[in-house]
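This is protein.cif (mmCIF, C-alpha atoms).
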data_structure
#
loop_
_atom_site.label_atom_id
_atom_site.label_comp_id
_atom_site.auth_asym_id
_atom_site.auth_seq_id
_atom_site.Cartn_x
_atom_site.Cartn_y
_atom_site.Cartn_z
CA MET A 1 0.00 0.00 0.00
CA THR A 2 1.14 3.53 -0.78
CA ALA A 3 2.39 5.59 2.18
CA PHE A 4 0.39 8.80 2.19
CA HIS A 5 2.17 12.01 3.20
CA LEU A 6 -0.19 14.91 2.66
CA ASN A 7 2.55 17.45 2.01
CA GLU A 8 3.62 15.43 -1.04
CA TYR A 9 0.13 15.96 -2.48
CA ASP A 10 -0.02 19.68 -1.60
CA ILE A 11 -2.99 19.07 0.70
CA SER A 12 -3.62 20.22 4.24
CA LYS A 13 -6.42 19.90 6.76
CA GLU A 14 -6.71 23.69 6.96
CA ARG A 15 -6.71 24.44 3.22
CA GLY A 16 -7.59 21.25 1.41
CA PHE A 17 -6.51 21.65 -2.22
CA LEU A 18 -6.13 25.44 -1.95
CA SER A 19 -2.61 26.76 -2.51
CA SER A 20 -0.33 25.96 0.43
CA PHE A 21 1.21 29.42 -0.09
CA ASP A 22 -0.57 32.76 0.29
CA PRO A 23 -0.81 34.02 -3.33
CA GLU A 24 -1.02 37.65 -2.18
CA ASN A 25 2.45 37.45 -0.64
CA VAL A 26 4.26 35.87 -3.62
CA GLN A 27 6.73 38.28 -5.24
CA LEU A 28 7.43 38.10 -8.99
CA PRO A 29 10.64 39.29 -10.71
CA GLN A 30 10.71 42.87 -11.93
CA ASP A 31 10.31 41.96 -15.61
CA LEU A 32 7.00 40.25 -14.81
CA GLU A 33 5.61 43.28 -13.00
CA VAL A 34 4.30 44.77 -16.26
CA VAL A 35 2.39 41.51 -16.85
CA ARG A 36 0.92 41.53 -13.36
CA GLU A 37 -0.09 45.17 -13.73
CA ALA A 38 -1.75 44.54 -17.11
CA ALA A 39 -3.68 41.59 -15.66
CA MET A 40 -4.81 43.52 -12.59
CA ALA A 41 -5.91 46.40 -14.84
CA LEU A 42 -8.38 44.20 -16.79
CA PRO A 43 -11.43 45.78 -15.07
CA LYS A 44 -10.26 49.08 -16.61
CA THR A 45 -9.16 47.89 -20.04
CA ILE A 46 -11.86 45.32 -20.89
CA PRO A 47 -14.67 47.95 -20.96
CA THR A 48 -12.76 49.93 -23.61
CA GLY A 49 -13.80 47.35 -26.18
CA ALA A 50 -10.22 47.33 -27.44
CA ILE A 51 -8.66 44.92 -24.96
CA ARG A 52 -6.47 43.25 -27.59
CA HIS A 53 -4.78 46.54 -28.41
CA HIS A 54 -3.85 46.97 -24.75
CA ILE A 55 -2.59 43.40 -24.31
CA GLU A 56 -0.58 43.31 -27.54
CA ARG A 57 1.66 46.03 -26.10
CA LEU A 58 3.09 43.57 -23.56
CA PRO A 59 6.75 42.59 -24.01
CA ARG A 60 7.55 39.21 -25.59
CA LEU A 61 9.11 37.51 -22.60
CA ASP A 62 11.00 34.23 -22.72
CA LEU A 63 10.39 32.56 -19.35
CA THR A 64 12.88 29.72 -19.79
CA ASP A 65 15.16 30.99 -17.02
CA PHE A 66 12.25 31.99 -14.79
CA CYS A 67 10.67 28.52 -15.06
CA ALA A 68 14.03 26.89 -14.26
CA SER A 69 14.95 29.02 -11.25
CA SER A 70 11.69 30.22 -9.67
CA SER A 71 9.64 28.57 -6.95
CA LEU A 72 6.44 26.66 -7.79
CA SER A 73 4.44 29.34 -6.00
CA GLN A 74 5.95 32.04 -8.27
CA ARG A 75 5.18 30.05 -11.40
CA ARG A 76 1.61 29.39 -10.30
CA VAL A 77 1.01 33.06 -9.50
CA ALA A 78 2.50 34.07 -12.86
CA MET A 79 0.17 31.51 -14.46
CA VAL A 80 -2.84 33.18 -12.82
CA HIS A 81 -2.01 36.56 -14.36
CA TYR A 82 -1.10 35.22 -17.79
CA SER A 83 -4.16 32.97 -17.96
CA PHE A 84 -6.50 35.88 -17.20
CA LEU A 85 -4.81 37.92 -19.93
CA VAL A 86 -5.18 35.04 -22.39
CA GLN A 87 -8.88 34.64 -21.64
CA ALA A 88 -9.46 38.39 -21.91
CA TYR A 89 -7.64 38.49 -25.24
CA ILE A 90 -9.73 35.65 -26.69
CA TRP A 91 -13.17 36.59 -25.35
CA GLY A 92 -12.85 40.37 -24.84
CA GLU A 93 -14.12 41.41 -28.26
CA PRO A 94 -17.12 40.19 -30.32
CA GLU A 95 -15.25 37.72 -32.55
CA PRO A 96 -12.57 35.47 -31.03
CA PRO A 97 -9.23 35.45 -32.87
CA LYS A 98 -7.72 32.33 -34.38
CA HIS A 99 -4.23 33.25 -33.16
CA LEU A 100 -2.87 33.97 -29.69
CA PRO A 101 -0.02 36.53 -30.01
CA GLN A 102 3.48 35.54 -29.08
CA CYS A 103 3.58 37.90 -26.07
CA LEU A 104 0.97 35.63 -24.45
CA ALA A 105 1.38 32.32 -26.26
CA VAL A 106 5.04 31.62 -25.50
CA PRO A 107 5.03 32.56 -21.79
CA ILE A 108 1.80 30.73 -20.93
CA TRP A 109 2.97 27.66 -22.85
CA GLN A 110 6.24 27.68 -20.90
CA LEU A 111 4.45 28.16 -17.60
CA GLY A 112 1.97 25.40 -18.38
CA GLN A 113 4.80 23.01 -19.16
CA SER A 114 6.64 23.94 -15.97
CA ILE A 115 3.67 23.35 -13.65
CA GLY A 116 2.22 20.39 -15.54
CA GLN A 117 -1.05 21.97 -16.66
CA PRO A 118 -2.55 23.15 -19.98
CA PRO A 119 -1.78 26.70 -21.24
CA LEU A 120 -5.02 28.48 -20.41
CA LEU A 121 -7.22 29.34 -17.43
CA THR A 122 -7.82 26.29 -15.26
CA TYR A 123 -9.73 25.86 -12.00
CA SER A 124 -6.48 26.11 -10.07
CA CYS A 125 -5.74 29.53 -11.65
CA TYR A 126 -9.31 30.73 -11.19
CA VAL A 127 -9.88 29.45 -7.65
CA LEU A 128 -7.09 27.56 -5.88
CA ASP A 129 -4.41 30.23 -6.41
CA ASN A 130 -6.65 33.31 -6.59
CA TRP A 131 -7.65 34.23 -3.05
CA ALA A 132 -6.39 36.02 0.03
CA ARG A 133 -7.48 36.58 3.60
CA ILE A 134 -8.53 40.02 4.79
CA ASP A 135 -7.26 39.26 8.30
CA GLN A 136 -4.10 37.18 7.84
CA ALA A 137 -4.68 35.55 11.22
CA GLY A 138 -8.33 34.80 10.52
CA PRO A 139 -10.09 31.80 8.97
CA ILE A 140 -10.39 30.90 5.30
CA ASP A 141 -14.14 31.37 5.07
CA LEU A 142 -16.57 33.72 3.37
CA SER A 143 -16.32 36.27 6.17
CA ASN A 144 -12.59 36.75 5.64
CA ILE A 145 -11.53 36.14 2.03
CA HIS A 146 -11.34 38.16 -1.18
CA MET A 147 -10.56 37.44 -4.83
CA LEU A 148 -7.18 38.66 -6.06
CA GLN A 149 -7.20 38.62 -9.88
CA PRO A 150 -10.48 39.64 -11.58
CA PHE A 151 -11.75 40.02 -15.12
CA LEU A 152 -14.38 42.75 -14.71
CA GLY A 153 -14.51 42.74 -10.93
CA GLY A 154 -17.64 43.26 -8.88
CA GLN A 155 -19.57 41.33 -6.28
CA ASP A 156 -21.03 38.63 -8.51
CA GLU A 157 -17.70 37.58 -10.02
CA ALA A 158 -15.94 37.61 -6.66
CA TRP A 159 -18.70 35.71 -4.87
CA PHE A 160 -18.77 32.99 -7.53
CA VAL A 161 -15.05 32.36 -7.03
CA LEU A 162 -15.08 32.78 -3.24
CA ILE A 163 -17.88 30.24 -2.75
CA HIS A 164 -15.55 27.72 -4.38
CA VAL A 165 -12.59 28.87 -2.28
CA ALA A 166 -14.61 28.44 0.93
CA ILE A 167 -15.79 24.98 -0.12
CA GLU A 168 -12.24 23.91 -0.93
CA ALA A 169 -11.01 25.09 2.47
CA ARG A 170 -13.80 23.33 4.38
CA ALA A 171 -13.17 20.10 2.46
CA GLY A 172 -9.63 19.97 3.84
CA GLU A 173 -10.62 18.18 7.04
CA MET A 174 -12.37 15.45 5.05
CA LEU A 175 -9.62 15.07 2.44
CA ALA A 176 -6.87 14.93 5.06
CA SER A 177 -8.64 12.11 6.90
CA ILE A 178 -8.87 9.77 3.90
CA PRO A 179 -5.39 8.18 4.25
CA THR A 180 -6.09 7.31 7.88
CA LEU A 181 -9.40 5.69 6.90
CA VAL A 182 -7.79 3.78 4.04
CA GLN A 183 -5.33 2.31 6.56
CA ALA A 184 -8.13 1.65 9.06
CA CYS A 185 -9.84 -0.59 6.49
CA ARG A 186 -6.60 -2.57 6.15
CA ASP A 187 -6.44 -2.84 9.94
CA HIS A 188 -10.14 -3.79 10.28
CA ASP A 189 -10.49 -0.86 12.67
CA ASN A 190 -14.23 -0.19 12.61
CA THR A 191 -14.06 2.35 15.42
CA THR A 192 -11.76 4.64 13.43
CA ILE A 193 -13.76 4.15 10.23
CA GLU A 194 -17.08 4.96 11.90
CA ALA A 195 -15.65 8.07 13.58
CA GLY A 196 -14.10 9.21 10.31
CA LEU A 197 -17.23 8.72 8.22
CA THR A 198 -19.31 10.49 10.87
CA ALA A 199 -16.95 13.47 10.75
CA MET A 200 -17.17 13.46 6.94
CA THR A 201 -20.94 13.87 7.12
CA ALA A 202 -20.49 17.02 9.21
CA VAL A 203 -18.02 18.39 6.65
CA TRP A 204 -20.39 17.61 3.77
CA ASP A 205 -23.19 19.44 5.60
CA ASP A 206 -20.99 22.53 5.91
CA MET A 207 -19.89 22.33 2.26
CA ASN A 208 -23.47 22.04 1.07
CA ASP A 209 -24.46 24.97 3.31
CA ILE A 210 -21.72 27.08 1.69
CA PHE A 211 -22.82 25.97 -1.79
CA ASP A 212 -26.40 26.95 -0.94
CA ARG A 213 -25.24 30.54 -0.44
CA MET A 214 -24.29 31.07 -4.10
CA PRO A 215 -27.47 33.10 -4.93
CA GLU A 216 -26.87 35.54 -2.06
CA ARG A 217 -24.37 37.65 -4.02
CA CYS A 218 -24.11 36.04 -7.45
CA ASP A 219 -27.13 36.72 -9.66
CA PRO A 220 -27.83 34.15 -12.44
CA TYR A 221 -28.23 36.80 -15.15
CA ILE A 222 -25.05 38.63 -14.16
CA TYR A 223 -23.18 35.34 -13.92
CA PHE A 224 -24.18 34.24 -17.41
CA HIS A 225 -23.49 37.56 -19.14
CA ARG A 226 -20.61 39.06 -17.12
CA VAL A 227 -18.80 36.20 -15.33
CA ARG A 228 -19.15 33.10 -17.48
CA PRO A 229 -18.02 34.47 -20.89
CA TRP A 230 -14.40 34.76 -19.73
CA ILE A 231 -13.85 31.19 -18.58
CA HIS A 232 -14.56 29.24 -21.78
CA GLY A 233 -11.89 27.22 -23.55
CA TRP A 234 -11.33 26.23 -27.15
CA LYS A 235 -12.24 22.59 -27.31
CA ASP A 236 -15.78 21.75 -28.47
CA ASN A 237 -16.56 25.47 -28.40
CA PRO A 238 -18.67 26.52 -31.42
CA ALA A 239 -16.90 29.90 -31.64
CA LEU A 240 -13.45 28.30 -31.92
CA SER A 241 -14.27 25.01 -33.56
CA ASP A 242 -10.81 24.72 -35.15
CA GLY A 243 -8.90 25.57 -31.98
CA LEU A 244 -6.34 28.31 -31.35
CA ILE A 245 -2.86 28.82 -32.81
CA TYR A 246 -0.22 29.63 -30.19
CA GLU A 247 2.13 31.91 -32.12
CA GLY A 248 5.84 31.33 -31.61
CA VAL A 249 5.45 27.98 -29.80
CA GLU A 250 7.73 25.59 -31.67
CA GLU A 251 6.21 22.40 -30.28
CA THR A 252 2.88 23.10 -31.98
CA ALA A 253 4.39 23.52 -35.49
CA GLY A 254 1.85 26.26 -36.13
CA LYS A 255 -1.12 23.92 -35.73
CA PRO A 256 -4.24 24.97 -33.78
CA GLN A 257 -4.48 23.67 -30.22
CA VAL A 258 -7.65 22.69 -28.33
CA PHE A 259 -8.09 22.88 -24.56
CA ARG A 260 -11.17 22.72 -22.37
CA GLY A 261 -12.34 25.75 -20.43
CA GLN A 262 -12.30 26.29 -16.69
CA THR A 263 -15.04 24.38 -14.88
CA GLY A 264 -15.83 23.41 -11.30
CA SER A 265 -15.55 19.81 -12.51
CA GLN A 266 -11.78 20.38 -12.47
CA SER A 267 -11.94 20.58 -8.67
CA SER A 268 -10.32 17.54 -7.07
CA ILE A 269 -12.77 17.20 -4.16
CA VAL A 270 -15.45 15.10 -5.85
CA PRO A 271 -12.98 12.85 -7.76
CA SER A 272 -11.14 12.22 -4.47
CA MET A 273 -14.37 11.19 -2.79
CA ASP A 274 -15.37 9.04 -5.77
CA ALA A 275 -12.00 7.30 -5.45
CA PHE A 276 -12.33 6.83 -1.70
CA LEU A 277 -15.93 5.60 -1.82
CA GLY A 278 -15.32 3.34 -4.83
CA VAL A 279 -17.76 5.22 -7.06
CA ASP A 280 -17.24 4.25 -10.70
CA HIS A 281 -18.58 5.84 -13.85
CA ALA A 282 -19.52 3.86 -16.93
CA GLY A 283 -16.99 3.59 -19.75
CA ASP A 284 -18.61 5.88 -22.34
CA PRO A 285 -17.99 9.39 -23.75
CA LEU A 286 -19.04 10.95 -20.45
CA ARG A 287 -16.44 8.87 -18.58
CA THR A 288 -13.86 9.88 -21.19
CA TYR A 289 -14.65 13.50 -20.39
CA LEU A 290 -14.07 12.94 -16.66
CA ASP A 291 -10.76 11.24 -17.40
CA GLU A 292 -9.74 14.06 -19.73
CA LEU A 293 -10.31 16.68 -17.03
CA HIS A 294 -7.66 14.98 -14.92
CA ILE A 295 -4.78 16.67 -16.79
CA TYR A 296 -6.22 20.09 -15.92
CA ARG A 297 -5.55 19.54 -12.21
CA PRO A 298 -2.21 20.22 -10.51
CA PRO A 299 -0.01 17.09 -10.80
CA GLU A 300 0.12 16.65 -7.02
CA HIS A 301 -3.67 16.52 -6.81
CA ARG A 302 -3.87 14.08 -9.71
CA LYS A 303 -1.48 11.79 -7.88
CA TYR A 304 -3.56 11.97 -4.71
CA ILE A 305 -6.71 10.93 -6.57
CA ASP A 306 -4.87 8.13 -8.38
CA ASP A 307 -3.28 6.82 -5.18
CA ILE A 308 -6.58 6.87 -3.30
CA ARG A 309 -8.28 5.05 -6.18
CA ALA A 310 -5.53 2.42 -6.20
CA ASN A 311 -5.52 1.85 -2.44
CA SER A 312 -9.02 2.43 -1.05
CA VAL A 313 -10.92 -0.76 -0.18
CA LEU A 314 -13.65 1.03 1.76
CA ARG A 315 -16.56 -0.06 -0.43
CA PRO A 316 -15.75 -3.82 -0.51
CA TYR A 317 -14.84 -3.65 3.18
CA VAL A 318 -18.23 -2.16 4.09
CA GLN A 319 -20.02 -4.59 1.76
CA ALA A 320 -18.43 -7.50 3.60
CA THR A 321 -19.13 -6.21 7.10
CA ASP A 322 -22.00 -7.17 9.37
CA SER A 323 -22.16 -3.66 10.80
CA ALA A 324 -25.44 -1.93 9.92
CA ASN A 325 -24.04 1.30 11.35
CA LEU A 326 -21.01 1.19 9.06
CA LYS A 327 -23.21 0.65 6.03
CA ALA A 328 -25.47 3.52 7.09
CA LEU A 329 -22.47 5.84 7.48
CA TYR A 330 -21.11 4.80 4.07
CA ASN A 331 -24.51 5.49 2.53
CA ASP A 332 -24.57 8.90 4.23
CA CYS A 333 -21.32 9.77 2.45
CA VAL A 334 -22.65 8.58 -0.93
CA ASN A 335 -25.87 10.49 -0.32
CA ASN A 336 -23.96 13.66 0.54
CA LEU A 337 -21.84 13.30 -2.59
CA THR A 338 -25.04 12.89 -4.59
CA ARG A 339 -26.61 15.90 -2.85
CA PHE A 340 -23.59 18.03 -3.78
CA ARG A 341 -23.83 16.93 -7.41
CA THR A 342 -27.58 17.61 -7.39
CA ARG A 343 -26.98 21.19 -6.20
CA HIS A 344 -24.44 21.64 -8.98
CA LEU A 345 -27.05 20.41 -11.45
CA GLU A 346 -29.67 22.82 -10.07
CA TYR A 347 -27.30 25.76 -10.39
CA ALA A 348 -26.37 24.71 -13.92
CA ALA A 349 -30.06 24.86 -14.79
CA SER A 350 -30.77 28.27 -13.22
CA TYR A 351 -27.46 30.01 -13.93
CA ILE A 352 -26.89 28.68 -17.46
CA ASN A 353 -29.57 26.55 -19.07
CA LYS A 354 -32.47 28.93 -18.30
CA GLN A 355 -30.58 32.02 -19.48
CA SER A 356 -30.71 33.43 -23.00
CA LYS A 357 -28.81 31.50 -25.64
CA GLY A 358 -25.96 34.02 -25.68
CA GLY A 359 -23.40 34.16 -28.47
CA ALA A 360 -21.56 31.29 -30.10
CA GLY A 361 -18.79 31.47 -27.49
CA ASN A 362 -21.18 31.56 -24.52
CA THR A 363 -24.07 29.31 -25.50
CA SER A 364 -26.40 28.07 -22.76
CA ASP A 365 -26.31 24.57 -24.27
CA VAL A 366 -22.58 23.94 -23.87
CA GLY A 367 -20.63 24.08 -20.62
CA THR A 368 -17.43 26.07 -20.14
CA GLY A 369 -15.63 22.74 -20.40
CA GLY A 370 -17.17 22.24 -23.86
CA THR A 371 -19.79 19.61 -23.01
CA PRO A 372 -23.58 19.14 -23.04
CA PHE A 373 -23.34 19.75 -19.31
CA MET A 374 -26.94 19.04 -18.21
CA LYS A 375 -26.72 15.51 -19.60
CA TYR A 376 -23.29 14.97 -18.06
CA LEU A 377 -24.18 16.29 -14.61
CA LYS A 378 -27.36 14.21 -14.42
CA LYS A 379 -25.52 11.07 -15.39
CA HIS A 380 -22.68 11.58 -12.92
CA ARG A 381 -25.18 12.32 -10.15
CA ASP A 382 -27.25 9.22 -10.92
CA GLU A 383 -24.18 6.97 -11.12
CA ALA A 384 -23.03 8.16 -7.69
CA ALA A 385 -26.51 7.57 -6.21
CA ALA A 386 -26.51 4.01 -7.58
CA HIS A 387 -23.62 3.13 -5.23
CA MET A 388 -25.79 3.13 -2.10
CA LEU A 389 -25.50 -0.16 -0.22
#
Would you mind writing the file's structure down as structure tokens?
Amino acid sequence: MTAFHLNEYDISKERGFLSSFDPENVQLPQDLEVVREAAMALPKTIPTGAIRHHIERLPRLDLTDFCASSSLSQRRVAMVHYSFLVQAYIWGEPEPPKHLPQCLAVPIWQLGQSIGQPPLLTYSCYVLDNWARIDQAGPIDLSNIHMLQPFLGGQDEAWFVLIHVAIEARAGEMLASIPTLVQACRDHDNTTIEAGLTAMTAVWDDMNDIFDRMPERCDPYIYFHRVRPWIHGWKDNPALSDGLIYEGVEETAGKPQVFRGQTGSQSSIVPSMDAFLGVDHAGDPLRTYLDELHIYRPPEHRKYIDDIRANSVLRPYVQATDSANLKALYNDCVNNLTRFRTRHLEYAASYINKQSKGGAGNTSDVGTGGTPFMKYLKKHRDEAAAHML
């Protein structure tokens, strides 16, 4: 069995999958300051309607040395700023371009390679590395966090991101306990398993309570028309059906590239719980999509999910037990996972599917990840529910 050391997976009880560093305190080299400033100025430059003109003035930086000598936290923070600039360049004017200019294409490609993620906005850029505490000594919850890098700014955009930040932080206790419970199954330690699954139910309740607060400060209409347009990708997107050419990137040989857009499905919480609970999804195009999202997560988080999947025997252990209480607690966890997916489905309906059709790049029929999302979310929810014992 794999020996689990949480620090190797960049996970903690206090932060879950959120960045182990405080993004606000990460210093970038002087030559990247102009990039950071341009990214932070997006709320000023996007409304001009000429965002590409402003971005094209950026210097053409070669980040080879930076990627080789900088810390992971510096590279991830640089990736946040560059990814927001890339998204603004693509979606900031009525017709998306077919080419990404070299001043963006080369640096974000280099950064993506160095941190093991695709060269565009991912969930880790949008959420995991894009938050700060108001009171540095205070908790990571909705009363004490703010969004660092915006597109347009405003309450609705910030709240959408911060709900996810708060959920990720609260999930930390549950995620950090999984290795102990995996070992407890090996040791036939029912007392530890029952205590752990009971604690997980309390965490799920808190996470669902946080998720329920989304409508408080994020309006569905504002979300669809002012928040969502910026987070699309260029795979299975009708507006960029041929993909995007990354100018100056030798590895691509001038051929268009396709990558999926930022989506909450790139969060590692639910896949980790699927792996721990032994929840499988049928081998079909929808399963292929779930597998494909894996490369969009930080490598450390991918490894955690893979190692839990390879080592967890919780489901067969509970199936073989005579303990009615253990089975009830397992079912509570599956039910809570299903409840979380159901809430996601409900929000997808009200925040996206019921809105106007939008333009080709922001259609209400296709998710930001480039999928028929209502069909996918229903199927994933139903497959999880079918694992009740």
Original post:
If the PyMOL selection byres ((chain A and resi 119) around 10) is run on the structure shown, which residues does it catch, given as a PyMOL selection string?
Top reply: chain A and resi 79+82-83+86+104-113+115-118+120-122+246+257+259+296
Subject >> Result set, the PyMOL selection byres ((chain A and resi 310) around 10) on current file, as a ChimeraX atom specification >> reply: /A:1-2,275-276,278,304-309,311-313
Subject >> Neighbour residues at most 9 Å from (-16.6, 44.4, -14.1) (only C-alpha atoms) as an MDAnalysis selection string >> reply: chainID A and resid 42:44 46:47 150:155 157 226:227
Original post:
Which residues fall under the PyMOL selection byres ((chain A and resi 272) around 12) in this file, as a PyMOL selection string?
Top reply: chain A and resi 11+16-17+171-172+174-179+265-271+273-280+294+301-312+337
Show me as a CSV table (one decimal) with C-alpha atoms, in the frame of the given file the residues that reach within 8 Å of (-4.2, 23.5, -9.0), counting only C-alpha atoms and using the file's own coordinates.
chain,number,residue,atom,x,y,z
A,17,PHE,CA,-6.5,21.6,-2.2
A,18,LEU,CA,-6.1,25.4,-2.0
A,19,SER,CA,-2.6,26.8,-2.5
A,122,THR,CA,-7.8,26.3,-15.3
A,123,TYR,CA,-9.7,25.9,-12.0
A,124,SER,CA,-6.5,26.1,-10.1
A,125,CYS,CA,-5.7,29.5,-11.6
A,128,LEU,CA,-7.1,27.6,-5.9
A,129,ASP,CA,-4.4,30.2,-6.4
A,296,TYR,CA,-6.2,20.1,-15.9
A,297,ARG,CA,-5.6,19.5,-12.2
A,298,PRO,CA,-2.2,20.2,-10.5
A,299,PRO,CA,0.0,17.1,-10.8
A,301,HIS,CA,-3.7,16.5,-6.8
Original post:
Separation of CA of Ser143 in chain A and CA of Arg228 in chain A, in Å?
Top reply: 24.0 Å
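Among A:Glu292, A:Asp156, A:Pro139, A:Ser71, the residue with the shortest atom-to-atom distance to His225 in chain A, counting all atoms listed in the file, is A:Asp156.
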Subject >> Contact residues around Glu37 in chain A with only C-alpha atoms at 12 Å, ignoring same-chain residues under 4 positions, as a list in words >> reply: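 Counting only the stated atoms, we get Leu28, Gln30, Asp31, Leu32, Glu33, Ala41, Leu42, Pro43, Lys44, Thr45, His54, Ile55, Leu58, Ala78, His81, Tyr82, Phe84, Leu85, Gln149 and Pro150 of chain A.
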Subject >> Between CA of Arg186 in chain A and CA of Cys333 in chain A - distance in Å to one decimal >> reply: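 We find that CA of Cys333 in chain A and CA of Arg186 in chain A lie 19.6 Å from each other.
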Original post:
CA of Lys255 in chain A and CA of Gly233 in chain A, how far apart in Å?
Top reply: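 Interatomic distance, CA of Gly233 in chain A to CA of Lys255 in chain A: 16.6 Å.
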Original post:
For Asn331 in chain A, which residue among A:Asn237, A:Thr201, A:Ser70, A:Gln355 is the nearest when counting only C-alpha atoms?
Top reply: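 Looking only at the distances to Asn331 in chain A, the closest residue turns out to be A:Thr201.
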**OP:** Would you mind telling me which residue in A:Ile352, A:Lys327, A:Leu314, A:Thr263 lies nearest to Val182 in chain A when using only C-alpha atoms?
**Re:**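 When distances to Val182 in chain A are compared using only C-alpha atoms, the smallest one comes from A:Leu314.
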Original post:
Quick one: residues within 10 Å of Ser323 in chain A, all atoms listed in the file counted, chain neighbours fewer than 5 positions away excluded, as a count of residues only?
Top reply: 3
Subject >> Shortest interatomic distance to Arg76 in chain A - which of A:Glu247, A:Ala88, A:Ser114, A:Pro94, counting all atoms listed in the file >> reply: A:Ser114
